[in-house]
Amino acid sequence: MKKILVVNLLILTIIFQSCGPATQVTGSWKNDKASGAKIQSIMVTALTGRANARQTVENDLARALEKDGYKAVKSFDVIPPTFTQGKSPDKEALLEKIKGTDVDAILTVALIDQETENRYVPGSYGYAPMTRFGYYGRFWGYYNTWYPTLYSPGYYTEDKIYFLETNLYDAKTEELLWSGQSETYNPGSLTEFSKEFSSVVLAKMEKDGALK
């Protein structure tokens with residue numbers, strides 16, 4: 001009986017872990033020396049050269065911020081890929097563009113690292129005696145029916161882990177107000193990742209008091 005309970009608890013643990021969020025904030029820092037001016041409008045910018053990824057992340061961050069009552073400006077609308085013309089960005093021109101939006105803060109998201117690691121998935125065992133069926137009383141009937149489900153060989157799979165950094169800056173002074181690092185495991189798609197990432201990171205910022 002104890003073994004059955006242990007197995008059931010193990011199965012439930014695996015199920016809940018697999019249903020958990022793919023993105024988790026692993027660390028954060030808040031600038032307690034900052035002025036503490038009220039933030040009402042934020043420009044969001046995803047620092048990536050992939051236009052589709054940039055638009056998706058900025059759209060979801062803007063949507064999440066607006067849901068919480070902030071005015072959000074997407075950098076893609078203000079600083080499009082053609083802004084730099086393939087050259088290094090000009091500081092004064094960039095800041096002038098941001099200043100023209102009259103936002104209070106700038107929220108940046110950057111991929112700082114990524115890893116691929118091998119993980120061994122053990123085979124699964126099962127026990128389910130069903131005496132009311134005829135095949136259970138004979139070895140071959142039992143063996144032939146249940147063997148495929150009683151044991152599945154283990155296999156190796158690859159886990160992809162993305163490490164991202166999110167920073168919140170004062171738009172006028174460029175001072176760093178908050179910074180957080182997060183890990184995302186095996187995102188199913190860019191769309192799924194972006195929505196969950198936006199929700200998890202903004203919730204942490206509000207919890208830390210960086211956004212109110």
# chains A, B, ... in the order shown; residues from 1 in each chain; ligands from 1
$ residues_around --residues "Ser182 in chain A" --least-positions-apart "2" --cutoff "12 Å" --atoms "only C-alpha atoms" --output "PyMOL selection string"
chain A and resi 21-28+109-114+161-167+179-180+184-185+196-198+200-202+204
$ write_last_selection --atoms "N, CA and C atoms" --output "mmCIF file, in the first residue's frame"
data_model
loop_
_atom_site.group_PDB
_atom_site.id
_atom_site.type_symbol
_atom_site.label_atom_id
_atom_site.label_comp_id
_atom_site.auth_asym_id
_atom_site.auth_seq_id
_atom_site.Cartn_x
_atom_site.Cartn_y
_atom_site.Cartn_z
ATOM 1 N N PRO A 21 4.802 26.633 -15.233
ATOM 2 C CA PRO A 21 5.210 27.617 -16.233
ATOM 3 C C PRO A 21 6.565 27.287 -16.829
ATOM 4 N N ALA A 22 6.719 27.558 -18.119
ATOM 5 C CA ALA A 22 7.999 27.319 -18.787
ATOM 6 C C ALA A 22 8.989 28.414 -18.435
ATOM 7 N N THR A 23 8.478 29.588 -18.042
ATOM 8 C CA THR A 23 9.326 30.723 -17.691
ATOM 9 C C THR A 23 9.289 30.973 -16.193
ATOM 10 N N GLN A 24 10.461 31.125 -15.606
ATOM 11 C CA GLN A 24 10.569 31.438 -14.182
ATOM 12 C C GLN A 24 11.619 32.526 -13.982
ATOM 13 N N VAL A 25 11.303 33.481 -13.125
ATOM 14 C CA VAL A 25 12.275 34.518 -12.786
ATOM 15 C C VAL A 25 13.240 33.935 -11.765
ATOM 16 N N THR A 26 14.523 33.939 -12.089
ATOM 17 C CA THR A 26 15.525 33.327 -11.221
ATOM 18 C C THR A 26 16.214 34.330 -10.300
ATOM 19 N N GLY A 27 16.068 35.615 -10.601
ATOM 20 C CA GLY A 27 16.678 36.626 -9.744
ATOM 21 C C GLY A 27 16.256 38.009 -10.179
ATOM 22 N N SER A 28 16.171 38.929 -9.216
ATOM 23 C CA SER A 28 15.781 40.304 -9.562
ATOM 24 C C SER A 28 16.441 41.291 -8.608
ATOM 25 N N VAL A 109 14.143 43.865 -23.124
ATOM 26 C CA VAL A 109 14.248 42.415 -22.974
ATOM 27 C C VAL A 109 15.348 41.929 -23.909
ATOM 28 N N ALA A 110 16.293 41.159 -23.373
ATOM 29 C CA ALA A 110 17.408 40.671 -24.183
ATOM 30 C C ALA A 110 17.712 39.218 -23.861
ATOM 31 N N LEU A 111 17.999 38.434 -24.888
ATOM 32 C CA LEU A 111 18.443 37.056 -24.713
ATOM 33 C C LEU A 111 19.935 37.104 -24.424
ATOM 34 N N ILE A 112 20.338 36.685 -23.214
ATOM 35 C CA ILE A 112 21.746 36.789 -22.838
ATOM 36 C C ILE A 112 22.494 35.469 -23.002
ATOM 37 N N ASP A 113 21.773 34.356 -23.070
ATOM 38 C CA ASP A 113 22.438 33.068 -23.254
ATOM 39 C C ASP A 113 21.401 32.005 -23.558
ATOM 40 N N GLN A 114 21.853 30.886 -24.103
ATOM 41 C CA GLN A 114 20.977 29.756 -24.318
ATOM 42 C C GLN A 114 21.795 28.476 -24.243
ATOM 43 N N ILE A 161 17.108 25.673 -23.083
ATOM 44 C CA ILE A 161 16.932 26.635 -22.001
ATOM 45 C C ILE A 161 17.391 28.007 -22.486
ATOM 46 N N TYR A 162 16.520 28.989 -22.341
ATOM 47 C CA TYR A 162 16.832 30.354 -22.764
ATOM 48 C C TYR A 162 16.921 31.245 -21.523
ATOM 49 N N PHE A 163 18.000 32.002 -21.435
ATOM 50 C CA PHE A 163 18.214 32.918 -20.318
ATOM 51 C C PHE A 163 18.008 34.351 -20.817
ATOM 52 N N LEU A 164 17.066 35.031 -20.208
ATOM 53 C CA LEU A 164 16.749 36.395 -20.648
ATOM 54 C C LEU A 164 16.932 37.385 -19.513
ATOM 55 N N GLU A 165 17.235 38.615 -19.891
ATOM 56 C CA GLU A 165 17.373 39.690 -18.923
ATOM 57 C C GLU A 165 16.391 40.800 -19.280
ATOM 58 N N THR A 166 15.676 41.269 -18.271
ATOM 59 C CA THR A 166 14.692 42.341 -18.456
ATOM 60 C C THR A 166 15.093 43.510 -17.580
ATOM 61 N N ASN A 167 15.208 44.687 -18.169
ATOM 62 C CA ASN A 167 15.604 45.887 -17.425
ATOM 63 C C ASN A 167 14.568 46.990 -17.578
ATOM 64 N N SER A 179 15.991 45.222 -12.509
ATOM 65 C CA SER A 179 16.562 44.247 -13.425
ATOM 66 C C SER A 179 16.204 42.847 -12.955
ATOM 67 N N GLY A 180 15.890 41.986 -13.909
ATOM 68 C CA GLY A 180 15.552 40.613 -13.553
ATOM 69 C C GLY A 180 16.045 39.639 -14.605
ATOM 70 N N THR A 184 13.676 30.196 -19.475
ATOM 71 C CA THR A 184 12.529 29.617 -20.173
ATOM 72 C C THR A 184 12.938 28.243 -20.692
ATOM 73 N N TYR A 185 12.184 27.210 -20.277
ATOM 74 C CA TYR A 185 12.483 25.832 -20.680
ATOM 75 C C TYR A 185 11.566 25.387 -21.810
ATOM 76 N N GLU A 196 3.381 34.070 -21.904
ATOM 77 C CA GLU A 196 3.715 33.637 -20.549
ATOM 78 C C GLU A 196 4.837 34.491 -19.964
ATOM 79 N N PHE A 197 5.845 34.780 -20.770
ATOM 80 C CA PHE A 197 6.958 35.605 -20.324
ATOM 81 C C PHE A 197 6.463 36.967 -19.848
ATOM 82 N N SER A 198 5.607 37.592 -20.629
ATOM 83 C CA SER A 198 5.083 38.913 -20.275
ATOM 84 C C SER A 198 4.352 38.871 -18.945
ATOM 85 N N VAL A 200 4.591 36.567 -16.444
ATOM 86 C CA VAL A 200 5.453 36.195 -15.317
ATOM 87 C C VAL A 200 6.367 37.341 -14.909
ATOM 88 N N VAL A 201 7.002 37.987 -15.874
ATOM 89 C CA VAL A 201 7.965 39.045 -15.572
ATOM 90 C C VAL A 201 7.281 40.287 -15.008
ATOM 91 N N LEU A 202 6.158 40.688 -15.585
ATOM 92 C CA LEU A 202 5.459 41.873 -15.071
ATOM 93 C C LEU A 202 4.921 41.624 -13.664
ATOM 94 N N LYS A 204 6.329 39.792 -11.430
ATOM 95 C CA LYS A 204 7.482 39.895 -10.531
ATOM 96 C C LYS A 204 7.860 41.365 -10.319
#
$ residues_around --residues "Ser75 in chain A" --least-positions-apart "3" --cutoff "10 Å" --atoms "only C-alpha atoms" --output "count of residues only"
21
$ closest_atom_pairs --of "range 23-72 of chain A" --to "range 169-178 of chain A" --cutoff "7 Å" --atoms "only C-alpha atoms" --output "Markdown table"
| residue | atom | partner | partner_atom | distance |
| --- | --- | --- | --- | --- |
| A:Trp29 | CA | A:Trp178 | CA | 5.7 |
| A:Lys30 | CA | A:Trp178 | CA | 4.5 |
| A:Asn31 | CA | A:Leu177 | CA | 5.0 |
| A:Ala34 | CA | A:Leu177 | CA | 6.6 |
$ select_by_dssp --residues "range 31-131 of chain A" --states "strand (DSSP E or B)" --output "PyMOL selection string"
chain A and resi 41-46+71-74+105-121+125
$ atom_distance --atom1 "CA of Asp104 in chain A" --atom2 "CA of Phe83 in chain A"
22.0 Å
